[in-house]
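**Q** Dropping the structure in here first, questions after.
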Amino acid sequence: MRTVITKDISNFFDFKKKLLHWANQHREVIFLDSNAYHQKYSSFDSVLAVDAFTSIKTDYENAFQDLYQYQSQTKDWLFGYLSYDLKNDTEALHSNNFDGLEFPDLFFFQPKKLFLIKENQVEIQYLRMCDDEMETDFEEITQCSVFSIQSSDVEVLQRIAKENYLSKVSKMLEHIHRGDIYEANFCMEFFAENAQIEPLEIYQKLNAISEPPFAVYFKNNFQYLLSASPERYLRKEGLKIISQPIKGTARRSFDLEQDEQLKFDLVQNEKERSENIMIVDLVRNDLSHTATKGSVQVEELCQIYTFKQVHQMISTIVSEVENTISPVEILRTTFPMGSMTGAPKISAMQIIEELEATKRGLYSGAVGYFTPTGDFDFNVVIRSILYNSKNQYLSFSVGSAITSQAIPEMEYEECLLKAKAMFEVLS
């Protein structure tokens with residue numbers, strides 16, 4: 001059981017900063033921020049969960065079954081992540097590539113303390129065992145001093161050299177032309193060893209550059225995710241399921257006329273549209289595993305959404321489920337998300353594993369939460385920096401969808417565009 005109080009906050013942005021600095025002293029932290037980006041499907045502007053009462057941490061073997069038992073038993077708020085390599089739990093797949101980060105494949109925790117922010121109000125929910133700390137904590141947060149710490153420059157290296165990248169994309173195209181796959185998301189890693197950073201400072205810089213609707217600051221002791229994700233993986237509202245894959249990217253311009261032209265060109269780009277439509281078909285198929293008959297619908301097809309750094313092409317696919325279907329089963333039958341795999345999904349994941357040089361881990365996985373009633377909301381972990389402060393290994397990956405129309409040089413340039421914000425905050 002939780003004790004609930006509501007507080008008014010005079011300055012939304014100031015309170016968020018103070019709240020995050022206060023939270024950072026805890027061992028487990030998940031801060032989810034929409035950056036006030038207008039969304040059709042949204043419950044809160046920001047959410048903070050801190051301090052694990054219970055938790056689950058596991059590798060991929062039987063991970064979804066373990067999560068099902070944990071979620072079913074707690075029937076409380078749970079926050080955490082699903083790493084990309086949980087694919088090995090749902091299919092006969094393996095991940096043998098290099099892993100410098102060493103994160104668990106799955107991690108969720110039941111927070112002692114929870115803050116739900118909507119406009120100028122914050123709803124605070126504490127487990128009864130610590131509810132006597134609510135007023136003291138709130139006063140501490142409002143009086144918290146926010147200060148900047150100068151982060152060190154980080155020497156970022158590229159795991160796959162440009163020539164090797166072009167060669168690997170050409171091999172991917174060979175698979176496509178042979179008919180093995182129609183599309184696959186191919187990613188490459190940038191990394192730094194002996195990296196010493198202030199994770200919270202880096203997150204705040206990254207978030208300020210992009211202001212995306214699915215930003216995340218995650219901390220589990222010495223493991224960090226600093227995410228400026230623009231993409232939703234999956235949301236459950238009652239019996240309704242919502243998926244919003246992104247496929248199609250164009251840069252922004254400071255010149256308003258040129259910016260509109262770039263947006264228009266993205267709308268007209270047949271390659272980008274075909275990428276998006278292929279993933280829409282894949283998502284429709286994934287949702288059909290748990291959907292009631294005839295309920296899978298495409299609400300939006302290839303709509304253009306504008307963010308601070310890029311224009312993105314986003315589709316919205318929805319379905320209805322029976323109330324007997326468990327939330328974890330809906331995740332299991334759709335994971336990993338189509339936008340980060342390809343079509344057909346299993347063949348694409350096999351080829352991705354063969355050609356990529358790094359284990360994806362949490363990158364292209366999902367971070368989010370379950371509510372006590374079994375609703376959930378998860379993002380896609382892209383445009384993100386991952387950091388292990390124990391072994392001082394830092395990593396971020398970027399990728400693009402390879403289709404029969406792909407030109408390796410242009411795919412490489414798209415990857416660099418997506419990596420721009422991460423390079424900026426680390427230098």
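Starting from 1 in every chain, residues are counted up; chains themselves are A, B, ... following the order of the structure tokens, and ligands are numbered from 1 as listed.
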Which residues come within 7 Å of region 241-257 of chain A, counting only C-alpha atoms, excluding same-chain residues fewer than 3 positions away, as a VMD selection string?

**A** chain A and resid 231 to 237 260 to 262 266 272 275 to 276 309 to 320 339

**Q** Within 7 Å of region 139-155 of chain A, counting only C-alpha atoms, which residues qualify if same-chain residues fewer than 2 places away don't, as JSON, numbers by chain?

**A** {"A": [15, 18, 19, 21, 22, 135, 136, 137, 157, 192, 195, 196, 197, 198, 201, 426, 427]}

**Q** Could you save the residues just selected, with all heavy atoms, as a compact mmCIF listing (two decimals), in the first residue's frame?

**A**
```txt
# COMPACT_ATOMS: atom_id res chain seq x y z
N PHE A 15 11.51 22.81 -10.58
CA PHE A 15 11.24 21.67 -9.70
C PHE A 15 11.83 20.38 -10.28
O PHE A 15 12.39 19.57 -9.55
CB PHE A 15 9.73 21.51 -9.49
CG PHE A 15 9.39 20.36 -8.58
CD1 PHE A 15 9.52 20.48 -7.21
CD2 PHE A 15 8.95 19.14 -9.09
CE1 PHE A 15 9.22 19.43 -6.35
CE2 PHE A 15 8.64 18.07 -8.26
CZ PHE A 15 8.78 18.22 -6.88
N LYS A 18 15.59 20.24 -9.60
CA LYS A 18 15.87 19.98 -8.18
C LYS A 18 15.53 18.53 -7.81
O LYS A 18 16.28 17.88 -7.07
CB LYS A 18 15.07 20.95 -7.29
CG LYS A 18 15.57 22.40 -7.39
CD LYS A 18 14.79 23.32 -6.48
CE LYS A 18 15.41 24.72 -6.49
NZ LYS A 18 14.73 25.62 -5.55
N LEU A 19 14.42 18.06 -8.35
CA LEU A 19 13.99 16.69 -8.08
C LEU A 19 15.04 15.68 -8.57
O LEU A 19 15.37 14.71 -7.87
CB LEU A 19 12.66 16.43 -8.78
CG LEU A 19 12.00 15.06 -8.57
CD1 LEU A 19 11.61 14.87 -7.10
CD2 LEU A 19 10.78 14.91 -9.47
N HIS A 21 18.29 16.21 -9.14
CA HIS A 21 19.53 16.29 -8.34
C HIS A 21 19.34 15.59 -6.99
O HIS A 21 20.25 14.91 -6.52
CB HIS A 21 19.93 17.76 -8.12
CG HIS A 21 20.78 18.31 -9.23
ND1 HIS A 21 20.27 18.70 -10.44
CD2 HIS A 21 22.12 18.51 -9.30
CE1 HIS A 21 21.25 19.12 -11.21
NE2 HIS A 21 22.38 19.02 -10.56
N TRP A 22 18.18 15.76 -6.40
CA TRP A 22 17.90 15.07 -5.13
C TRP A 22 17.88 13.55 -5.35
O TRP A 22 18.43 12.79 -4.55
CB TRP A 22 16.55 15.55 -4.59
CG TRP A 22 16.02 14.74 -3.44
CD1 TRP A 22 16.35 14.89 -2.11
CD2 TRP A 22 15.10 13.64 -3.49
NE1 TRP A 22 15.69 13.96 -1.35
CE2 TRP A 22 14.91 13.18 -2.16
CE3 TRP A 22 14.41 13.01 -4.52
CZ2 TRP A 22 14.06 12.12 -1.84
CZ3 TRP A 22 13.56 11.96 -4.21
CH2 TRP A 22 13.39 11.52 -2.89
N GLU A 135 7.14 14.54 3.77
CA GLU A 135 7.22 15.99 3.94
C GLU A 135 8.67 16.47 4.01
O GLU A 135 9.03 17.49 3.42
CB GLU A 135 6.45 16.42 5.20
CG GLU A 135 4.95 16.26 5.09
CD GLU A 135 4.30 17.21 4.08
OE1 GLU A 135 4.97 18.18 3.66
OE2 GLU A 135 3.14 16.98 3.72
N THR A 136 9.49 15.71 4.71
CA THR A 136 10.91 16.07 4.83
C THR A 136 11.59 16.03 3.47
O THR A 136 12.35 16.94 3.11
CB THR A 136 11.64 15.09 5.78
OG1 THR A 136 10.93 15.01 7.00
CG2 THR A 136 13.06 15.53 6.04
N ASP A 137 11.29 14.97 2.69
CA ASP A 137 11.88 14.85 1.35
C ASP A 137 11.44 16.00 0.45
O ASP A 137 12.25 16.59 -0.28
CB ASP A 137 11.49 13.52 0.71
CG ASP A 137 12.27 12.34 1.25
OD1 ASP A 137 13.23 12.57 2.01
OD2 ASP A 137 11.95 11.20 0.90
N LEU A 157 35.78 6.55 -29.77
CA LEU A 157 36.30 5.75 -30.88
C LEU A 157 35.15 5.06 -31.60
O LEU A 157 34.07 4.86 -31.03
CB LEU A 157 37.29 4.70 -30.37
CG LEU A 157 38.47 5.23 -29.54
CD1 LEU A 157 39.28 4.09 -28.96
CD2 LEU A 157 39.36 6.14 -30.40
N ALA A 192 34.11 4.60 -25.56
CA ALA A 192 35.27 5.19 -24.90
C ALA A 192 35.65 4.32 -23.72
O ALA A 192 34.78 3.86 -22.97
CB ALA A 192 34.96 6.61 -24.44
N ALA A 195 36.69 6.12 -19.38
CA ALA A 195 35.89 7.34 -19.45
C ALA A 195 35.43 7.74 -18.05
O ALA A 195 34.88 6.92 -17.32
CB ALA A 195 34.70 7.13 -20.36
N GLN A 196 35.64 8.99 -17.72
CA GLN A 196 35.17 9.52 -16.44
C GLN A 196 34.24 10.69 -16.73
O GLN A 196 34.69 11.74 -17.19
CB GLN A 196 36.34 9.96 -15.56
CG GLN A 196 37.27 8.82 -15.18
CD GLN A 196 38.39 9.26 -14.24
OE1 GLN A 196 38.16 10.06 -13.34
NE2 GLN A 196 39.58 8.74 -14.45
N ILE A 197 32.95 10.48 -16.48
CA ILE A 197 31.96 11.52 -16.76
C ILE A 197 31.06 11.71 -15.54
O ILE A 197 31.02 10.86 -14.65
CB ILE A 197 31.09 11.17 -17.99
CG1 ILE A 197 30.24 9.91 -17.71
CG2 ILE A 197 31.92 11.02 -19.25
CD1 ILE A 197 29.12 9.68 -18.71
N GLU A 198 30.36 12.81 -15.52
CA GLU A 198 29.29 13.05 -14.56
C GLU A 198 27.98 12.71 -15.28
O GLU A 198 27.48 13.51 -16.07
CB GLU A 198 29.29 14.51 -14.08
CG GLU A 198 30.49 14.89 -13.25
CD GLU A 198 30.48 14.21 -11.88
OE1 GLU A 198 29.40 13.75 -11.46
OE2 GLU A 198 31.55 14.14 -11.26
N GLU A 201 25.03 15.28 -15.41
CA GLU A 201 25.37 16.47 -16.20
C GLU A 201 25.25 16.18 -17.70
O GLU A 201 24.69 16.97 -18.46
CB GLU A 201 26.80 16.91 -15.85
CG GLU A 201 27.17 18.28 -16.38
CD GLU A 201 26.63 19.41 -15.52
OE1 GLU A 201 26.07 19.14 -14.44
OE2 GLU A 201 26.77 20.56 -15.95
N LEU A 426 29.63 15.07 -25.25
CA LEU A 426 30.81 14.41 -24.70
C LEU A 426 32.11 15.14 -25.00
O LEU A 426 33.18 14.73 -24.53
CB LEU A 426 30.91 12.96 -25.23
CG LEU A 426 29.82 12.01 -24.74
CD1 LEU A 426 29.84 10.71 -25.53
CD2 LEU A 426 29.97 11.72 -23.24
N SER A 427 32.03 16.24 -25.77
CA SER A 427 33.26 16.96 -26.13
C SER A 427 33.25 18.36 -25.54
O SER A 427 32.20 18.86 -25.17
CB SER A 427 33.40 17.01 -27.65
OG SER A 427 32.34 17.73 -28.21
```

**Q** When DSSP is applied to the backbone of this structure, which of region 19-90 of chain A are assigned alpha helix (DSSP H)? Write them out as a list in words.

**A**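 Filtering region 19-90 of chain A to alpha helix (DSSP H) leaves Leu19, Leu20, His21, Trp22, Ala23, Ala63, Phe64, Gln65, Asp66, Leu67, Tyr68, Gln69, Tyr70, Gln71, Ser72, Gln73, Thr74, Lys87, Asn88, Asp89 and Thr90 of chain A.
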
**Q** Which polymer residues have any atom within 12 Å of an atom of Phe13 (chain A), counting only C-alpha atoms, with same-chain residues fewer than 2 positions away left out, as number ranges by chain?

**A** A: 9-11, 15-20, 33, 35-36, 45-46, 117-121, 208

**Q** Calculated over only C-alpha atoms, which of the candidates A:Leu173, A:Val328, A:Ala343, A:Leu226 has the smallest distance to Leu206 (chain A)?

**A**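 Under the stated criterion, the closest residue is A:Leu226.
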
**Q** Could you work out how far CA of Gln39 (chain A) lies from CA of Val321 (chain A), giving the answer in Å with one decimal?

**A**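 So the answer is 22.3 Å.
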
**Q** Give me the residues of region 71-148 of chain A that have any atom at most 9 Å from an atom of region 361-364 of chain A; for each, the nearest atom pair and the distance in Å, rounded to one decimal. Use only C-alpha atoms, sort by chain and number, and format it as a Markdown table.

**A**
```
| residue | atom | partner | partner_atom | distance |
| --- | --- | --- | --- | --- |
| A:Tyr81 | CA | A:Leu362 | CA | 7.6 |
| A:Leu82 | CA | A:Leu362 | CA | 7.0 |
| A:Ser83 | CA | A:Leu362 | CA | 4.2 |
| A:Tyr84 | CA | A:Gly361 | CA | 5.4 |
| A:Asp85 | CA | A:Gly361 | CA | 5.8 |
| A:Leu86 | CA | A:Gly361 | CA | 8.8 |
| A:Asp99 | CA | A:Gly361 | CA | 7.7 |
| A:Leu101 | CA | A:Gly361 | CA | 8.2 |
| A:Glu102 | CA | A:Gly361 | CA | 8.2 |
| A:Phe103 | CA | A:Gly361 | CA | 7.1 |
| A:Pro104 | CA | A:Gly361 | CA | 8.2 |
| A:Asp105 | CA | A:Gly361 | CA | 6.8 |
| A:Leu106 | CA | A:Leu362 | CA | 8.7 |
```

**Q** Write a file of the selected residues as a PDB file, in the first residue's frame, keeping N, CA, C and O atoms.

**A**
```
ATOM      1  N   TYR A  81      13.863  -2.016 -17.310  1.00  0.00           N
ATOM      2  CA  TYR A  81      14.172  -2.120 -18.738  1.00  0.00           C
ATOM      3  C   TYR A  81      14.181  -3.560 -19.230  1.00  0.00           C
ATOM      4  O   TYR A  81      14.357  -4.517 -18.471  1.00  0.00           O
ATOM      5  N   LEU A  82      13.985  -3.677 -20.548  1.00  0.00           N
ATOM      6  CA  LEU A  82      14.125  -4.921 -21.299  1.00  0.00           C
ATOM      7  C   LEU A  82      15.263  -4.699 -22.287  1.00  0.00           C
ATOM      8  O   LEU A  82      15.208  -3.779 -23.096  1.00  0.00           O
ATOM      9  N   SER A  83      16.325  -5.496 -22.222  1.00  0.00           N
ATOM     10  CA  SER A  83      17.412  -5.312 -23.177  1.00  0.00           C
ATOM     11  C   SER A  83      17.091  -6.042 -24.479  1.00  0.00           C
ATOM     12  O   SER A  83      16.308  -7.000 -24.508  1.00  0.00           O
ATOM     13  N   TYR A  84      17.711  -5.591 -25.550  1.00  0.00           N
ATOM     14  CA  TYR A  84      17.492  -6.174 -26.876  1.00  0.00           C
ATOM     15  C   TYR A  84      17.726  -7.685 -26.867  1.00  0.00           C
ATOM     16  O   TYR A  84      17.038  -8.435 -27.559  1.00  0.00           O
ATOM     17  N   ASP A  85      18.668  -8.145 -26.048  1.00  0.00           N
ATOM     18  CA  ASP A  85      19.063  -9.554 -26.084  1.00  0.00           C
ATOM     19  C   ASP A  85      18.051 -10.481 -25.427  1.00  0.00           C
ATOM     20  O   ASP A  85      18.263 -11.705 -25.403  1.00  0.00           O
ATOM     21  N   LEU A  86      16.929  -9.951 -24.954  1.00  0.00           N
ATOM     22  CA  LEU A  86      15.826 -10.826 -24.544  1.00  0.00           C
ATOM     23  C   LEU A  86      15.224 -11.551 -25.750  1.00  0.00           C
ATOM     24  O   LEU A  86      14.435 -12.478 -25.593  1.00  0.00           O
ATOM     25  N   ASP A  99      30.762  -7.226 -25.474  1.00  0.00           N
ATOM     26  CA  ASP A  99      29.938  -6.449 -24.554  1.00  0.00           C
ATOM     27  C   ASP A  99      30.835  -5.765 -23.533  1.00  0.00           C
ATOM     28  O   ASP A  99      31.334  -6.399 -22.603  1.00  0.00           O
ATOM     29  N   LEU A 101      29.781  -3.159 -21.645  1.00  0.00           N
ATOM     30  CA  LEU A 101      28.953  -2.512 -20.619  1.00  0.00           C
ATOM     31  C   LEU A 101      28.565  -3.439 -19.476  1.00  0.00           C
ATOM     32  O   LEU A 101      28.466  -3.021 -18.331  1.00  0.00           O
ATOM     33  N   GLU A 102      28.284  -4.699 -19.794  1.00  0.00           N
ATOM     34  CA  GLU A 102      27.983  -5.737 -18.791  1.00  0.00           C
ATOM     35  C   GLU A 102      26.750  -5.401 -17.948  1.00  0.00           C
ATOM     36  O   GLU A 102      26.739  -5.590 -16.730  1.00  0.00           O
ATOM     37  N   PHE A 103      25.685  -4.938 -18.600  1.00  0.00           N
ATOM     38  CA  PHE A 103      24.407  -4.725 -17.921  1.00  0.00           C
ATOM     39  C   PHE A 103      23.643  -6.049 -17.882  1.00  0.00           C
ATOM     40  O   PHE A 103      23.760  -6.861 -18.788  1.00  0.00           O
ATOM     41  N   PRO A 104      22.822  -6.284 -16.865  1.00  0.00           N
ATOM     42  CA  PRO A 104      21.915  -7.439 -16.899  1.00  0.00           C
ATOM     43  C   PRO A 104      20.966  -7.326 -18.095  1.00  0.00           C
ATOM     44  O   PRO A 104      20.691  -6.214 -18.574  1.00  0.00           O
ATOM     45  N   ASP A 105      20.426  -8.459 -18.553  1.00  0.00           N
ATOM     46  CA  ASP A 105      19.508  -8.423 -19.692  1.00  0.00           C
ATOM     47  C   ASP A 105      18.155  -7.828 -19.318  1.00  0.00           C
ATOM     48  O   ASP A 105      17.465  -7.263 -20.168  1.00  0.00           O
ATOM     49  N   LEU A 106      17.773  -7.963 -18.051  1.00  0.00           N
ATOM     50  CA  LEU A 106      16.488  -7.425 -17.598  1.00  0.00           C
ATOM     51  C   LEU A 106      16.645  -6.907 -16.172  1.00  0.00           C
ATOM     52  O   LEU A 106      17.285  -7.551 -15.340  1.00  0.00           O
TER      53      LEU A 106
END
```

**Q** Env of Lys219 (chain A): 12 Å cut, atoms = only C-alpha atoms, seq-sep filter 6 positions within chain, self excluded. Answer as a tab-separated table (two decimals) with N, CA and C atoms, in the first residue's frame.

**A**
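Once written, result19.tsv looks like this:
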```tsv
chain	number	residue	atom	x	y	z
A	20	LEU	N	15.58	15.92	-9.75
A	20	LEU	CA	16.56	14.99	-10.33
A	20	LEU	C	17.88	15.02	-9.56
A	23	ALA	N	17.25	13.11	-6.44
A	23	ALA	CA	17.12	11.68	-6.72
A	23	ALA	C	18.47	11.01	-6.93
A	24	ASN	N	19.42	11.76	-7.48
A	24	ASN	CA	20.70	11.16	-7.89
A	24	ASN	C	21.52	10.61	-6.73
A	25	GLN	N	21.14	10.94	-5.51
A	25	GLN	CA	21.86	10.40	-4.35
A	25	GLN	C	21.42	8.96	-4.05
A	26	HIS	N	20.34	8.50	-4.68
A	26	HIS	CA	19.83	7.16	-4.44
A	26	HIS	C	20.52	6.14	-5.34
A	27	ARG	N	20.45	4.88	-4.94
A	27	ARG	CA	21.10	3.80	-5.69
A	27	ARG	C	20.36	3.48	-6.99
A	28	GLU	N	19.01	3.45	-6.92
A	28	GLU	CA	18.20	3.15	-8.10
A	28	GLU	C	17.36	4.38	-8.45
A	29	VAL	N	17.45	4.81	-9.70
A	29	VAL	CA	16.73	5.99	-10.16
A	29	VAL	C	16.22	5.74	-11.58
A	30	ILE	N	14.95	6.03	-11.82
A	30	ILE	CA	14.45	6.17	-13.20
A	30	ILE	C	13.64	7.45	-13.27
A	31	PHE	N	14.08	8.35	-14.16
A	31	PHE	CA	13.38	9.60	-14.40
A	31	PHE	C	12.96	9.60	-15.87
A	32	LEU	N	11.65	9.68	-16.11
A	32	LEU	CA	11.09	9.69	-17.46
A	32	LEU	C	10.52	11.07	-17.73
A	48	LEU	N	9.25	10.19	-11.71
A	48	LEU	CA	10.49	9.79	-11.04
A	48	LEU	C	10.19	8.65	-10.07
A	49	ALA	N	11.00	7.60	-10.18
A	49	ALA	CA	10.93	6.47	-9.23
A	49	ALA	C	12.32	6.28	-8.65
A	50	VAL	N	12.41	6.17	-7.32
A	50	VAL	CA	13.71	5.99	-6.67
A	50	VAL	C	13.63	4.96	-5.55
A	51	ASP	N	14.77	4.33	-5.31
A	51	ASP	CA	14.98	3.51	-4.10
A	51	ASP	C	14.17	2.21	-4.15
A	52	ALA	N	14.82	1.12	-4.53
A	52	ALA	CA	14.14	-0.17	-4.69
A	52	ALA	C	13.74	-0.78	-3.36
A	79	PHE	N	9.38	-0.23	-12.32
A	79	PHE	CA	10.15	0.54	-13.31
A	79	PHE	C	11.39	-0.25	-13.70
A	80	GLY	N	11.75	-0.19	-14.98
A	80	GLY	CA	12.95	-0.92	-15.39
A	80	GLY	C	13.10	-1.02	-16.89
A	81	TYR	N	13.86	-2.02	-17.31
A	81	TYR	CA	14.17	-2.12	-18.74
A	81	TYR	C	14.18	-3.56	-19.23
A	103	PHE	N	25.69	-4.94	-18.60
A	103	PHE	CA	24.41	-4.72	-17.92
A	103	PHE	C	23.64	-6.05	-17.88
A	107	PHE	N	16.06	-5.75	-15.91
A	107	PHE	CA	16.09	-5.20	-14.55
A	107	PHE	C	14.81	-4.39	-14.31
A	108	PHE	N	14.10	-4.69	-13.22
A	108	PHE	CA	12.94	-3.91	-12.79
A	108	PHE	C	12.99	-3.76	-11.28
A	109	PHE	N	12.44	-2.65	-10.79
A	109	PHE	CA	12.36	-2.48	-9.34
A	109	PHE	C	11.03	-1.86	-8.94
A	199	PRO	N	27.41	11.54	-15.06
A	199	PRO	CA	26.26	11.09	-15.85
A	199	PRO	C	25.07	12.06	-15.85
A	200	LEU	N	24.74	12.62	-14.68
A	200	LEU	CA	23.59	13.50	-14.61
A	200	LEU	C	23.81	14.76	-15.45
A	203	TYR	N	23.45	13.79	-19.10
A	203	TYR	CA	22.03	13.59	-19.43
A	203	TYR	C	21.34	14.94	-19.64
A	225	LEU	N	21.96	4.90	-17.91
A	225	LEU	CA	21.44	5.17	-19.25
A	225	LEU	C	21.06	6.63	-19.30
A	226	LEU	N	21.56	7.33	-20.32
A	226	LEU	CA	21.26	8.75	-20.52
A	226	LEU	C	20.62	8.83	-21.90
A	227	SER	N	19.30	8.92	-21.93
A	227	SER	CA	18.58	8.71	-23.18
A	227	SER	C	17.78	9.92	-23.62
A	367	VAL	N	12.81	1.02	-22.03
A	367	VAL	CA	12.72	1.44	-20.63
A	367	VAL	C	11.31	1.97	-20.37
A	386	LEU	N	25.21	4.96	-22.86
A	386	LEU	CA	25.25	3.96	-21.79
A	386	LEU	C	26.62	4.03	-21.13
A	387	TYR	N	26.63	3.88	-19.82
A	387	TYR	CA	27.89	4.07	-19.09
A	387	TYR	C	27.95	3.15	-17.89
A	388	ASN	N	29.10	2.48	-17.75
A	388	ASN	CA	29.39	1.66	-16.58
A	388	ASN	C	30.52	2.37	-15.83
A	389	SER	N	30.20	3.01	-14.70
A	389	SER	CA	31.22	3.80	-13.99
A	389	SER	C	32.23	2.91	-13.27
```
